[in-house]
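Okay, target37.csv is below, CSV, C-alpha atoms and all ligand atoms:
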```csv
chain,number,residue,atom,x,y,z
A,1,MET,CA,-48.8,-12.9,-17.7
A,2,ASN,CA,-48.4,-9.2,-17.1
A,3,ILE,CA,-46.1,-7.9,-14.4
A,4,ILE,CA,-44.5,-4.7,-13.1
A,5,LEU,CA,-40.9,-4.6,-12.1
A,6,PHE,CA,-41.0,-2.0,-9.4
A,7,GLY,CA,-38.3,0.0,-7.6
A,8,PRO,CA,-36.2,3.1,-7.6
A,9,PRO,CA,-34.0,4.1,-10.5
A,10,ALA,CA,-31.0,1.7,-10.8
A,11,ALA,CA,-32.6,-1.0,-8.7
A,12,GLY,CA,-32.0,-3.5,-11.6
A,13,LYS,CA,-35.4,-3.4,-13.2
A,14,GLY,CA,-34.0,-3.1,-16.7
A,15,THR,CA,-31.5,-5.9,-16.2
A,16,GLN,CA,-34.2,-8.3,-14.9
A,17,ALA,CA,-36.7,-7.3,-17.6
A,18,LYS,CA,-34.1,-8.2,-20.3
A,19,ARG,CA,-33.5,-11.6,-18.7
A,20,LEU,CA,-37.3,-12.3,-18.5
A,21,THR,CA,-37.6,-11.3,-22.1
A,22,ALA,CA,-35.0,-13.8,-23.1
A,23,GLN,CA,-36.3,-16.6,-20.8
A,24,ARG,CA,-40.0,-16.3,-21.2
A,25,GLY,CA,-40.7,-14.3,-24.3
A,26,PHE,CA,-42.3,-11.4,-22.5
A,27,VAL,CA,-42.1,-7.9,-24.0
A,28,GLN,CA,-40.4,-5.3,-21.9
A,29,LEU,CA,-42.2,-1.9,-21.9
A,30,SER,CA,-39.8,0.7,-20.5
A,31,THR,CA,-41.2,4.2,-20.7
A,32,GLY,CA,-37.7,5.6,-19.9
A,33,ASP,CA,-36.3,3.7,-23.0
A,34,MET,CA,-39.2,4.9,-25.2
A,35,LEU,CA,-38.7,8.6,-24.1
A,36,ARG,CA,-34.9,8.4,-24.6
A,37,ALA,CA,-35.5,6.9,-28.1
A,38,ALA,CA,-37.9,9.7,-28.9
A,39,ARG,CA,-35.3,12.3,-27.8
A,40,ALA,CA,-32.5,10.6,-29.8
A,41,ALA,CA,-34.7,10.5,-32.9
A,42,GLY,CA,-35.5,14.2,-32.4
A,43,THR,CA,-39.3,13.8,-32.6
A,44,GLU,CA,-41.7,16.4,-31.4
A,45,LEU,CA,-42.3,14.3,-28.3
A,46,GLY,CA,-38.5,13.9,-27.8
A,47,LYS,CA,-38.1,17.7,-27.9
A,48,LYS,CA,-40.9,18.2,-25.5
A,49,VAL,CA,-39.6,15.9,-22.8
A,50,ALA,CA,-35.8,16.5,-23.2
A,51,ASP,CA,-35.5,19.0,-20.3
A,52,LEU,CA,-37.6,16.9,-18.0
A,53,LEU,CA,-35.5,13.8,-18.7
A,54,ASP,CA,-32.3,15.8,-18.0
A,55,ARG,CA,-33.6,17.2,-14.8
A,56,GLY,CA,-34.9,13.8,-13.6
A,57,ASP,CA,-38.5,15.2,-13.4
A,58,LEU,CA,-41.5,13.1,-14.4
A,59,VAL,CA,-43.1,13.5,-17.8
A,60,SER,CA,-46.9,13.9,-17.8
A,61,ASP,CA,-49.1,10.9,-17.0
A,62,GLU,CA,-50.9,11.3,-20.4
A,63,ILE,CA,-47.7,11.1,-22.4
A,64,VAL,CA,-46.4,7.9,-20.8
A,65,THR,CA,-49.8,6.2,-20.7
A,66,ALA,CA,-50.3,6.9,-24.5
A,67,LEU,CA,-46.8,5.3,-25.1
A,68,ILE,CA,-47.8,2.2,-23.2
A,69,GLU,CA,-51.1,1.9,-25.0
A,70,GLU,CA,-49.4,2.2,-28.4
A,71,GLN,CA,-46.9,-0.6,-27.4
A,72,LEU,CA,-49.7,-2.9,-26.1
A,73,ASP,CA,-51.4,-2.6,-29.4
A,74,ASN,CA,-48.2,-3.1,-31.4
A,75,ASN,CA,-47.5,-6.4,-29.5
A,76,LYS,CA,-50.8,-8.1,-29.5
A,77,ASP,CA,-49.3,-11.6,-29.6
A,78,ALA,CA,-46.9,-11.2,-26.7
A,79,ALA,CA,-46.7,-13.9,-24.1
A,80,GLY,CA,-46.8,-11.2,-21.5
A,81,PHE,CA,-45.7,-7.7,-20.7
A,82,ILE,CA,-43.1,-6.4,-18.2
A,83,PHE,CA,-43.8,-2.8,-17.2
A,84,ASP,CA,-40.4,-1.2,-16.3
A,85,GLY,CA,-40.4,2.3,-15.0
A,86,TYR,CA,-44.2,2.5,-15.4
A,87,PRO,CA,-46.4,3.3,-13.5
A,88,ARG,CA,-44.7,5.9,-11.5
A,89,THR,CA,-47.7,7.7,-10.0
A,90,VAL,CA,-51.0,6.5,-8.5
A,91,GLU,CA,-52.7,8.1,-11.5
A,92,GLN,CA,-50.6,6.0,-13.9
A,93,ALA,CA,-51.4,2.9,-11.9
A,94,LYS,CA,-55.1,3.5,-12.3
A,95,SER,CA,-54.7,4.2,-16.0
A,96,LEU,CA,-52.7,1.0,-16.4
A,97,ASP,CA,-55.6,-1.0,-14.8
A,98,ALA,CA,-58.0,0.7,-17.2
A,99,VAL,CA,-55.9,0.3,-20.4
A,100,LEU,CA,-55.3,-3.4,-19.6
A,101,ALA,CA,-59.0,-4.0,-18.8
A,102,LYS,CA,-60.0,-2.3,-22.1
A,103,ARG,CA,-57.9,-5.0,-23.9
A,104,GLY,CA,-59.2,-7.9,-21.8
A,105,LYS,CA,-56.0,-8.1,-19.8
A,106,SER,CA,-55.0,-7.6,-16.2
A,107,LEU,CA,-52.0,-7.2,-14.0
A,108,ASP,CA,-50.8,-10.4,-12.4
A,109,ARG,CA,-47.9,-9.4,-10.1
A,110,VAL,CA,-45.9,-6.4,-9.0
A,111,ILE,CA,-42.3,-7.4,-8.0
A,112,ARG,CA,-40.5,-4.9,-5.9
A,113,LEU,CA,-36.7,-4.9,-6.0
A,114,ARG,CA,-35.5,-3.5,-2.7
A,115,VAL,CA,-32.1,-1.7,-2.8
A,116,ASP,CA,-30.5,0.6,-0.2
A,117,ASP,CA,-30.1,4.2,-1.2
A,118,ASP,CA,-26.3,4.0,-0.8
A,119,ALA,CA,-26.1,1.0,-3.1
A,120,LEU,CA,-28.3,2.8,-5.7
A,121,LEU,CA,-26.0,5.8,-5.6
A,122,ALA,CA,-22.9,3.6,-6.1
A,123,ARG,CA,-24.5,1.8,-9.0
A,124,VAL,CA,-25.7,4.9,-10.7
A,125,THR,CA,-22.3,6.6,-10.3
A,126,GLN,CA,-20.7,3.6,-12.1
A,127,ARG,CA,-23.4,3.7,-14.8
A,128,PHE,CA,-22.8,7.4,-15.3
A,129,GLU,CA,-19.1,6.7,-15.9
A,130,GLU,CA,-19.8,3.9,-18.3
A,131,GLN,CA,-22.8,5.2,-20.2
A,132,GLY,CA,-22.7,8.9,-19.6
A,133,ARG,CA,-26.5,9.2,-19.2
A,134,LYS,CA,-27.0,12.9,-18.1
A,135,ASP,CA,-29.7,12.1,-15.5
A,136,ASP,CA,-27.3,9.6,-13.8
A,137,ASN,CA,-25.1,12.3,-12.5
A,138,PRO,CA,-25.2,12.2,-8.7
A,139,GLU,CA,-27.1,15.6,-8.3
A,140,THR,CA,-29.8,14.7,-10.8
A,141,PHE,CA,-30.0,11.2,-9.4
A,142,LYS,CA,-30.8,12.6,-5.9
A,143,ASN,CA,-33.8,14.4,-7.5
A,144,ARG,CA,-34.9,11.2,-9.2
A,145,LEU,CA,-34.7,9.4,-5.9
A,146,ALA,CA,-36.7,12.1,-4.1
A,147,THR,CA,-39.3,11.9,-6.9
A,148,TYR,CA,-39.5,8.2,-6.5
A,149,ASN,CA,-40.0,8.5,-2.7
A,150,GLN,CA,-42.7,11.2,-3.1
A,151,GLN,CA,-44.6,10.1,-6.1
A,152,THR,CA,-43.9,6.4,-6.8
A,153,ALA,CA,-43.5,4.8,-3.4
A,154,PRO,CA,-47.2,5.5,-2.6
A,155,LEU,CA,-48.0,2.8,-5.2
A,156,LEU,CA,-46.7,0.2,-2.7
A,157,PRO,CA,-49.8,0.3,-0.5
A,158,PHE,CA,-52.0,0.6,-3.6
A,159,TYR,CA,-50.7,-2.8,-4.9
A,160,THR,CA,-50.5,-4.3,-1.4
A,161,GLU,CA,-54.2,-3.7,-1.1
A,162,GLN,CA,-54.8,-5.5,-4.4
A,163,GLY,CA,-52.8,-8.4,-3.0
A,164,LYS,CA,-50.3,-8.2,-6.0
A,165,LEU,CA,-47.1,-7.1,-4.3
A,166,SER,CA,-44.1,-9.4,-3.9
A,167,GLU,CA,-40.7,-8.3,-2.7
A,168,VAL,CA,-37.2,-9.4,-3.7
A,169,ASP,CA,-33.8,-8.5,-2.2
A,170,GLY,CA,-32.4,-6.4,-5.0
A,171,MET,CA,-29.0,-6.2,-3.2
A,172,ALA,CA,-28.3,-9.8,-4.1
A,173,SER,CA,-26.5,-10.9,-7.3
A,174,VAL,CA,-28.2,-10.6,-10.6
A,175,GLU,CA,-28.5,-14.4,-10.7
A,176,ALA,CA,-30.0,-14.6,-7.3
A,177,VAL,CA,-32.5,-11.8,-8.0
A,178,SER,CA,-33.5,-13.6,-11.3
A,179,GLY,CA,-34.0,-16.8,-9.3
A,180,SER,CA,-36.3,-15.1,-6.8
A,181,VAL,CA,-38.3,-13.4,-9.6
A,182,ALA,CA,-38.7,-16.7,-11.4
A,183,ARG,CA,-40.0,-18.4,-8.2
A,184,ILE,CA,-42.6,-15.6,-7.8
A,185,LEU,CA,-43.8,-15.9,-11.4
A,186,ASP,CA,-44.0,-19.7,-11.3
A,187,ALA,CA,-46.0,-19.5,-8.1
A,188,ALA,CA,-48.3,-16.9,-9.6
A,189,ALA,CA,-49.0,-19.0,-12.7
A,190,PRO,CA,-49.4,-22.6,-11.5
A,191,VAL,CA,-49.3,-25.2,-14.3
A,192,LYS,CA,-52.8,-25.7,-15.4
A,193,LYS,CA,-54.3,-29.1,-14.5
A,194,LYS,CA,-55.2,-31.1,-17.6
A,195,GLY,CA,-58.9,-32.1,-18.0
A,196,PHE,CA,-60.0,-35.7,-18.3
A,197,PHE,CA,-60.0,-35.9,-22.1
A,198,ALA,CA,-56.7,-34.1,-22.3
A,199,ARG,CA,-55.1,-36.5,-19.9
A,200,LEU,CA,-56.6,-39.4,-21.9
A,201,PHE,CA,-55.7,-38.3,-25.4
A,202,GLY,CA,-52.9,-35.8,-24.8
A,203,GLY,CA,-52.9,-32.1,-25.6
B,1,LIG,P1,-36.0,5.6,-16.3
B,1,LIG,O1,-35.1,5.1,-17.4
B,1,LIG,O2,-37.2,4.7,-16.1
B,1,LIG,O3,-35.3,5.9,-15.0
B,1,LIG,O4,-36.7,6.9,-16.8
B,1,LIG,C1,-35.9,8.1,-17.2
B,1,LIG,C2,-36.7,9.3,-17.1
B,1,LIG,O5,-37.8,9.2,-18.0
B,1,LIG,C3,-37.4,9.6,-15.8
B,1,LIG,O6,-36.5,10.3,-14.9
B,1,LIG,C4,-38.5,10.5,-16.2
B,1,LIG,O7,-38.1,11.8,-16.6
B,1,LIG,C5,-39.0,9.8,-17.5
B,1,LIG,N1,-39.9,8.8,-17.2
B,1,LIG,C6,-39.8,7.4,-17.5
B,1,LIG,N2,-40.9,6.7,-17.2
B,1,LIG,C7,-41.8,7.6,-16.7
B,1,LIG,C8,-43.1,7.5,-16.2
B,1,LIG,N3,-43.7,6.3,-16.0
B,1,LIG,N4,-43.7,8.7,-15.8
B,1,LIG,C9,-43.1,9.9,-15.9
B,1,LIG,N5,-41.9,10.1,-16.4
B,1,LIG,C10,-41.2,8.9,-16.8
```
Give the structure from this file in structure tokens form.
Ligand code: AMP
Amino acid sequence: MNIILFGPPAAGKGTQAKRLTAQRGFVQLSTGDMLRAARAAGTELGKKVADLLDRGDLVSDEIVTALIEEQLDNNKDAAGFIFDGYPRTVEQAKSLDAVLAKRGKSLDRVIRLRVDDDALLARVTQRFEEQGRKDDNPETFKNRLATYNQQTAPLLPFYTEQGKLSEVDGMASVEAVSGSVARILDAAAPVKKKGFFARLFGG
């Protein structure tokens, strides 16, 4: 099962992705984490994207889609993928459909975590104090939020049209959000009915 956890920065996508990884064996693909790792390792890619990350601007569609393709191929036996922070533009969403199709896969569900702007700002301010991520400072965060509204929110009608969008109240507790996400996934992947012989002989 392949899903997108969708929402603005600090909506709780990473937290929920980690829970799903532990509970269902899905692989989390966070382009933000991959880019930060590249920067920390001082790779060519890391150097190229460092300023964009610090300003809270988007990295090119080609770069992030290449990172996703690489991880899909490195995790061929995964029970499923959770896309976290990707796609962020309509172009990326189209690329994701294409790279999945090329591998005989498709996207099952897009789960949107809805959180008020005020709550996002409060969360990110706390994260800034705890983790010191440069792009979490309130000024940069406002830019990230504006970028989300301009470039990423247009994906909502894109996925609504595909009939794949579900919404969750991201203001609820981590536990409650997890519960809502689990219900959506369970409904999207109904337990397969066993065939006649399987019922007779097990399996
Ligand atoms: P995140 O941790 O998902 O909030 O991402 C941190 C930063 O990485 C973003 O502000 C962008 O600069 C960059 N980034 C992460 N994912 C993407 C993406 N899908 N497309 C473009 N830039 C991205």
Considering all atoms listed in the file, give me a table of residues in region 37-105 of chain A that are at most 12 Å from region 162-181 of chain A, with the closest atom pair and distance in Å for each, as CSV.
```
residue,atom,partner,partner_atom,distance
A:Ala93,CA,A:Gln162,CA,11.8
A:Lys94,CA,A:Gln162,CA,12.0
A:Asp97,CA,A:Gln162,CA,11.4
```
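Reported to one decimal place, the separation of atom O5 of ligand LIG 1 (chain B) from CA of Leu53 (chain A) is 5.2 Å.
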Point-to-point distance in Å for CA of Ala66 (chain A) and CA of Ala146 (chain A) |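 Going from CA of Ala146 (chain A) over to CA of Ala66 (chain A) covers 25.1 Å.
Comparing A:Ala41, A:Gly14, A:Met1, A:Tyr148 by their smallest distance to Asp108 (chain A), the closest is A:Met1 (using only C-alpha atoms).
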Can you tell me which residues sit at most 7 Å away from ligand LIG 1 (chain B), counting all atoms listed in the file, written as a list in words?
-> Pro9, Ser30, Thr31, Gly32, Asp33, Leu35, Leu52, Leu53, Gly56, Asp57, Leu58, Val59, Ser60, Asp61, Val64, Asp84, Gly85, Tyr86, Pro87, Arg88 and Arg144 of chain A
Got a sec: who's within 10 Å of Val124 (chain A), counting all atoms listed in the file, leaving out chain neighbours fewer than 5 positions off, as an NGL selection string?
-> :A and (9-11 or 118-119 or 129-131 or 133 or 135-138 or 141)
Could you pull the residues within 9 Å of Lys134 (chain A), counting only C-alpha atoms, minus those fewer than 6 positions along the same chain, as a PyMOL selection string?
-> chain A and resi 53-55+128+140
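Between CA of Glu70 (chain A) and CA of Gln92 (chain A) there is a distance of 15.0 Å.
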Take region 83-97 of chain A, model N, CA, C and O atoms, and hand the result over as a CSV table (one decimal), in the coordinates of the input.
```csv
chain,number,residue,atom,x,y,z
A,83,PHE,N,-43.8,-4.3,-17.3
A,83,PHE,CA,-43.8,-2.8,-17.2
A,83,PHE,C,-42.6,-2.4,-16.3
A,83,PHE,O,-42.4,-2.9,-15.2
A,84,ASP,N,-41.7,-1.6,-16.9
A,84,ASP,CA,-40.4,-1.2,-16.3
A,84,ASP,C,-40.4,0.3,-16.3
A,84,ASP,O,-40.3,0.9,-17.3
A,85,GLY,N,-40.5,0.8,-15.1
A,85,GLY,CA,-40.4,2.3,-15.0
A,85,GLY,C,-41.8,2.9,-15.2
A,85,GLY,O,-42.0,4.1,-15.3
A,86,TYR,N,-42.8,2.1,-15.3
A,86,TYR,CA,-44.2,2.5,-15.4
A,86,TYR,C,-45.0,1.5,-14.7
A,86,TYR,O,-44.8,0.3,-14.8
A,87,PRO,N,-46.0,1.9,-13.9
A,87,PRO,CA,-46.4,3.3,-13.5
A,87,PRO,C,-45.5,3.9,-12.5
A,87,PRO,O,-44.9,3.2,-11.7
A,88,ARG,N,-45.5,5.2,-12.4
A,88,ARG,CA,-44.7,5.9,-11.5
A,88,ARG,C,-45.5,6.8,-10.6
A,88,ARG,O,-45.0,7.5,-9.7
A,89,THR,N,-46.8,6.9,-10.8
A,89,THR,CA,-47.7,7.7,-10.0
A,89,THR,C,-49.0,6.9,-9.8
A,89,THR,O,-49.3,6.0,-10.6
A,90,VAL,N,-49.8,7.2,-8.8
A,90,VAL,CA,-51.0,6.5,-8.5
A,90,VAL,C,-51.9,6.7,-9.7
A,90,VAL,O,-52.6,5.7,-10.2
A,91,GLU,N,-51.9,7.9,-10.3
A,91,GLU,CA,-52.7,8.1,-11.5
A,91,GLU,C,-52.4,7.2,-12.6
A,91,GLU,O,-53.2,6.6,-13.3
A,92,GLN,N,-51.1,7.0,-12.9
A,92,GLN,CA,-50.6,6.0,-13.9
A,92,GLN,C,-51.1,4.6,-13.6
A,92,GLN,O,-51.4,3.8,-14.5
A,93,ALA,N,-51.0,4.3,-12.3
A,93,ALA,CA,-51.4,2.9,-11.9
A,93,ALA,C,-52.9,2.6,-12.2
A,93,ALA,O,-53.2,1.6,-12.7
A,94,LYS,N,-53.7,3.7,-12.0
A,94,LYS,CA,-55.1,3.5,-12.3
A,94,LYS,C,-55.3,3.4,-13.8
A,94,LYS,O,-56.1,2.7,-14.3
A,95,SER,N,-54.6,4.3,-14.5
A,95,SER,CA,-54.7,4.2,-16.0
A,95,SER,C,-54.2,2.9,-16.5
A,95,SER,O,-54.8,2.3,-17.4
A,96,LEU,N,-53.2,2.3,-15.9
A,96,LEU,CA,-52.7,1.0,-16.4
A,96,LEU,C,-53.8,-0.1,-16.2
A,96,LEU,O,-54.1,-0.9,-17.1
A,97,ASP,N,-54.4,-0.1,-15.0
A,97,ASP,CA,-55.6,-1.0,-14.8
A,97,ASP,C,-56.6,-0.8,-15.9
A,97,ASP,O,-57.1,-1.8,-16.5
```
